[in-house]
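Below is one structure, written out as structure tokens; comments come after it.
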Amino acid sequence: MRLLTLLPALLLFAALPVAADALQCGEYRSADDGMALVFTTPSTGYRHNDISEPEPLWVDRSAAQTRLVMLDDGVVEPIRISADGQRIEDDGVVTYTLRQSRACTVEPSAMDGSCRAAGSHCIAQLPTASPGQAQRACGEGVGAGCSALLRQLRDGNAAAADDTGAALFERPSACREHTPGHDPQACEALTGDALAAAMQRVGERLQQEDEGTLDSPLPAAARDRLQQLCLQHRSGRFCVEVAEQQLIALEPALAVQALQVVCDAGRISACERIAPLRDLGADLRLVPAQRVPCGRYQADGGVIDRLDFGDGARGRLHDGAIHLQQNGETLVLRQLGNGNLLGMDAQTGYQRYQPVPGTAQCTPPREGRGSP
């Protein structure tokens with residue numbers, strides 16, 4: 001990136017441009033009142049509904065098409081703002097109408113080379129970001145940057161485990177507002193191409209993850225670092241990912257701690273997930289199962305709220321976990337400190353299953369029964 005030669009790059013703060021459109025600070029609501037866009041400044045705000053946590057966002061006006069940059073998910077969405085500032089169209093899908101205007105707070109400044117200054121182009125670079133870039137974006141409160149750092153640690157990138165110092169996010173000269181080279185139309189083409197390429201890379205990575213295995217736990221030091229980032233930045237999606245890594249590592253108490261952050265932010269589903277586990281105290285730990293349970297186990301809600309082990313012959317033990325065949329699926333469960341079962345797979349995850357009195361009628365296992 002070409003920087004001004006009269007000032008050191010890391011000390012060069014550039015105020016974000018004043019809005020050139022009629023977007024107003026305040027709350028815009030969808031027609032059904034289910035979604036809201038709230039802008040605290042002309043370029044920052046959040047999206048929220050009544051069942052989830054607020055999603056922080058930036059407004060990127062560097063190209064011909066104005067875009068919302070969703071910081072937690074790493075998604076960039078085109079929007080259209082009406083000439084009078086009363087309506088916002090979310091890519092023609094949802095229309096938001098201004099319900100209540102309010103005074104704007106002070107517009108944040110952005111350091112040249114930061115994720116904030118690069119806007120959409122920062123998000124486009126995150127799928128292939130260096131460890132330094134991922135750390136920088138995460139440090140700026142961009143949850144998608146924290147998620148990129150988690151992926152690098154999970155993929156065994158040794159550099160991600162070290163402090164690699166600051167790294168710059170590049171933005172094409174055509175996208176640098178208030179400079180002689182700023183060209184919104186050229187920037188639009190460059191931005192569209194960069195985002196499309198990023199989406200392709202994300203799709204390829206997701207396919208590789210589906211085909212591979214992600215069940216190997218991260219080292220304790222990496223998980224501790226990610227846990228602290230979750231507690232510090234309190235990013236919803238990232239904290240859910242951290243909780244998943246803690247559960248893979250058989251640390252349910254730390255997984256619940258990470259999900260508590262998401263619950264406190266307002267995501268009802270996270271609160272529902274951890275509610276049955278919070279009162280376990282010292283029993284919120286996993287112990288190797290010594291035998292396959294028998295009878296019926298019940299959970300309070302969830303996708304699968306009942307497990308039928310029958311006489312104990314339908315399950316098997318594998319590395320201290322219980323594998324149960326039910327309705328054509330293999331469910332994975334582990335035993336909690338009090339003898340209850342904790343769901344560990346996509347269908348039963350975080351569910352606490354308790355034995356139903358009077359249903360346990362085990363028969364003595366024959367040789368090989370209940371073993372892999």
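Ligands are numbered from 1 in the order shown, residues from 1 within each chain, and chains are lettered A, B, ... in the order they appear in the structure tokens.
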For the interface of range 308-340 of chain A with range 260-282 of chain A (cut-off 10 Å, counting only C-alpha atoms), please tabulate each contacting residue of range 308-340 of chain A alongside its nearest pair of atoms and their separation in Å to one decimal, rows sorted by chain and increasing number, as a Markdown table.
| residue | atom | partner | partner_atom | distance |
| --- | --- | --- | --- | --- |
| A:Leu336 | CA | A:Leu280 | CA | 9.1 |
| A:Gly337 | CA | A:Ala282 | CA | 7.6 |
| A:Asn338 | CA | A:Leu280 | CA | 8.2 |
Go ahead and save the residues from that selection, with N, CA, C and O atoms, as a PDB file, in the first residue's frame.
ATOM      1  N   LEU A 336     -21.578 -37.192  32.351  1.00  0.00           N
ATOM      2  CA  LEU A 336     -21.247 -36.088  33.238  1.00  0.00           C
ATOM      3  C   LEU A 336     -20.879 -36.627  34.622  1.00  0.00           C
ATOM      4  O   LEU A 336     -21.085 -37.804  34.931  1.00  0.00           O
ATOM      5  N   GLY A 337     -20.389 -35.735  35.467  1.00  0.00           N
ATOM      6  CA  GLY A 337     -19.936 -36.148  36.782  1.00  0.00           C
ATOM      7  C   GLY A 337     -21.016 -36.750  37.650  1.00  0.00           C
ATOM      8  O   GLY A 337     -20.728 -37.545  38.553  1.00  0.00           O
ATOM      9  N   ASN A 338     -22.273 -36.392  37.407  1.00  0.00           N
ATOM     10  CA  ASN A 338     -23.377 -36.925  38.217  1.00  0.00           C
ATOM     11  C   ASN A 338     -24.073 -38.120  37.569  1.00  0.00           C
ATOM     12  O   ASN A 338     -25.111 -38.568  38.054  1.00  0.00           O
TER      13      ASN A 338
END
### Task
Using DSSP on the backbone coordinates, identify the residues of range 56-181 of chain A assigned to strand (DSSP E or B); present them as a PyMOL selection string.
chain A and resi 56-60+67-70+75-81+87-90+94-101+109-111
### Task
Write out as an MDAnalysis selection string all residues of range 119-200 of chain A that backbone DSSP assigns to alpha helix (DSSP H).
chainID A and resid 120:125 131:139 143:154 184:200
Write a file of the just-selected residues containing C-alpha atoms, as a compact mmCIF listing (two decimals), in the first residue's frame.
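New file again26.txt:
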# COMPACT_ATOMS: atom_id res chain seq x y z
CA SER A 120 -15.29 -4.51 2.29
CA HIS A 121 -11.77 -5.28 1.11
CA CYS A 122 -10.77 -6.31 4.64
CA ILE A 123 -13.58 -8.88 4.69
CA ALA A 124 -12.55 -10.07 1.22
CA GLN A 125 -8.98 -10.67 2.44
CA PRO A 131 -1.84 -14.42 11.05
CA GLY A 132 -0.91 -10.78 11.57
CA GLN A 133 -3.92 -9.58 9.58
CA ALA A 134 -6.28 -11.92 11.44
CA GLN A 135 -4.93 -10.73 14.78
CA ARG A 136 -5.27 -7.11 13.75
CA ALA A 137 -8.85 -7.47 12.58
CA CYS A 138 -9.73 -9.38 15.74
CA GLY A 139 -8.12 -6.67 17.85
CA GLY A 143 -15.46 -11.10 14.98
CA ALA A 144 -14.77 -12.55 11.54
CA GLY A 145 -11.09 -11.75 12.11
CA CYS A 146 -11.15 -13.71 15.38
CA SER A 147 -12.80 -16.60 13.51
CA ALA A 148 -10.03 -16.45 10.89
CA LEU A 149 -7.45 -16.71 13.68
CA LEU A 150 -9.28 -19.75 15.10
CA ARG A 151 -9.23 -21.44 11.68
CA GLN A 152 -5.51 -20.81 11.36
CA LEU A 153 -4.85 -22.35 14.77
CA ARG A 154 -7.10 -25.28 13.94
CA PRO A 184 -16.44 4.70 -7.46
CA GLN A 185 -17.25 2.81 -10.67
CA ALA A 186 -13.81 1.23 -10.92
CA CYS A 187 -13.95 0.50 -7.20
CA GLU A 188 -17.32 -1.21 -7.67
CA ALA A 189 -15.86 -3.65 -10.20
CA LEU A 190 -12.82 -4.32 -7.99
CA THR A 191 -14.94 -4.79 -4.87
CA GLY A 192 -17.39 -7.11 -6.60
CA ASP A 193 -14.55 -9.28 -7.94
CA ALA A 194 -12.77 -9.39 -4.57
CA LEU A 195 -15.93 -10.40 -2.69
CA ALA A 196 -16.83 -13.06 -5.28
CA ALA A 197 -13.34 -14.56 -5.04
CA ALA A 198 -13.59 -14.54 -1.24
CA MET A 199 -16.93 -16.32 -1.34
CA GLN A 200 -15.45 -18.99 -3.61
### Query
What is the distance between CA of Arg223 in chain A and CA of Ala255 in chain A, in Å to one decimal?
10.5 Å
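The list of residues with at least one atom within 8 Å of Tyr46 in chain A, based on only C-alpha atoms and without residues fewer than 4 positions apart in the same chain, reads A:Leu37, A:Val38, A:Phe39, A:Pro54, A:Glu55, A:Pro56, A:Leu57.
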For the selection just defined, write its residues with N, CA, C and O atoms to a file, as a short mmCIF file (atom, residue, chain, number, x, y, z; two decimals), in the first residue's frame.
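After the write, result.cif holds the following:
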data_model
loop_
_atom_site.label_atom_id
_atom_site.label_comp_id
_atom_site.auth_asym_id
_atom_site.auth_seq_id
_atom_site.Cartn_x
_atom_site.Cartn_y
_atom_site.Cartn_z
N LEU A 37 -32.29 -2.08 11.91
CA LEU A 37 -30.97 -1.53 11.68
C LEU A 37 -30.86 -0.27 12.51
O LEU A 37 -31.70 0.63 12.40
N VAL A 38 -29.84 -0.20 13.36
CA VAL A 38 -29.64 0.96 14.23
C VAL A 38 -28.29 1.57 13.90
O VAL A 38 -27.26 0.87 13.93
N PHE A 39 -28.28 2.85 13.57
CA PHE A 39 -27.04 3.54 13.23
C PHE A 39 -26.73 4.56 14.31
O PHE A 39 -27.53 5.46 14.59
N PRO A 54 -27.18 -8.24 19.09
CA PRO A 54 -26.92 -7.25 18.04
C PRO A 54 -25.71 -7.64 17.21
O PRO A 54 -24.71 -8.13 17.75
N GLU A 55 -25.80 -7.45 15.89
CA GLU A 55 -24.70 -7.75 14.99
C GLU A 55 -24.04 -6.44 14.57
O GLU A 55 -24.64 -5.67 13.83
N PRO A 56 -22.82 -6.15 15.02
CA PRO A 56 -22.17 -4.89 14.67
C PRO A 56 -21.90 -4.80 13.18
O PRO A 56 -21.64 -5.80 12.51
N LEU A 57 -21.97 -3.58 12.65
CA LEU A 57 -21.78 -3.38 11.21
C LEU A 57 -21.10 -2.05 10.94
O LEU A 57 -21.13 -1.13 11.75
#
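One distance worth recording is that between CA of Gly358 in chain A and CA of Gly295 in chain A, which is 8.2 Å.
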### Query
Quick one: of A:Glu89, A:Asp112, A:Glu170, A:Asp224, who's nearest to Leu68 in chain A, counting only C-alpha atoms?
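Of A:Glu89, A:Asp112, A:Glu170, A:Asp224, the one nearest Leu68 in chain A, counting only C-alpha atoms, is A:Glu89.
Each of A:Gln246, A:Gln335, A:Asn327, A:Thr359 was checked against Leu284 in chain A using only C-alpha atoms; the smallest atom-to-atom distance is that of A:Gln335.
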### Query
For the atom pair CA of Leu307 in chain A and CA of Arg291 in chain A, what is the interatomic distance in Å to one decimal place?
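For CA of Leu307 in chain A relative to CA of Arg291 in chain A, the distance reads 15.7 Å.
The shortest atom-to-atom distance to Gly85 in chain A, with only C-alpha atoms taken into account, belongs to A:Leu98 out of A:Cys175, A:Val303, A:Met344, A:Leu98.
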#### Entry: Contact residues around range 23-33 of chain A with only C-alpha atoms at 10 Å, ignoring same-chain residues under 6 positions, as a VMD selection string
chain A and resid 39 to 50 80 to 90 94 to 105
### Message
Just want the 8 Å neighbourhood of Asp311 in chain A, counted on only C-alpha atoms, with same-chain residues fewer than 4 positions away dropped. Output as a list in words.
### Response
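What passes the distance filter is Cys294, Gly295, Ala360, Gln361, Cys362 and Thr363 of chain A.
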### Task
Using only C-alpha atoms, determine which residues lie at most 10 Å from Arg314 in chain A, disregarding the query and same-chain residues fewer than 6 positions distant; provide the list as a PyMOL selection string.
chain A and resi 292-294+308+323-326+369-370
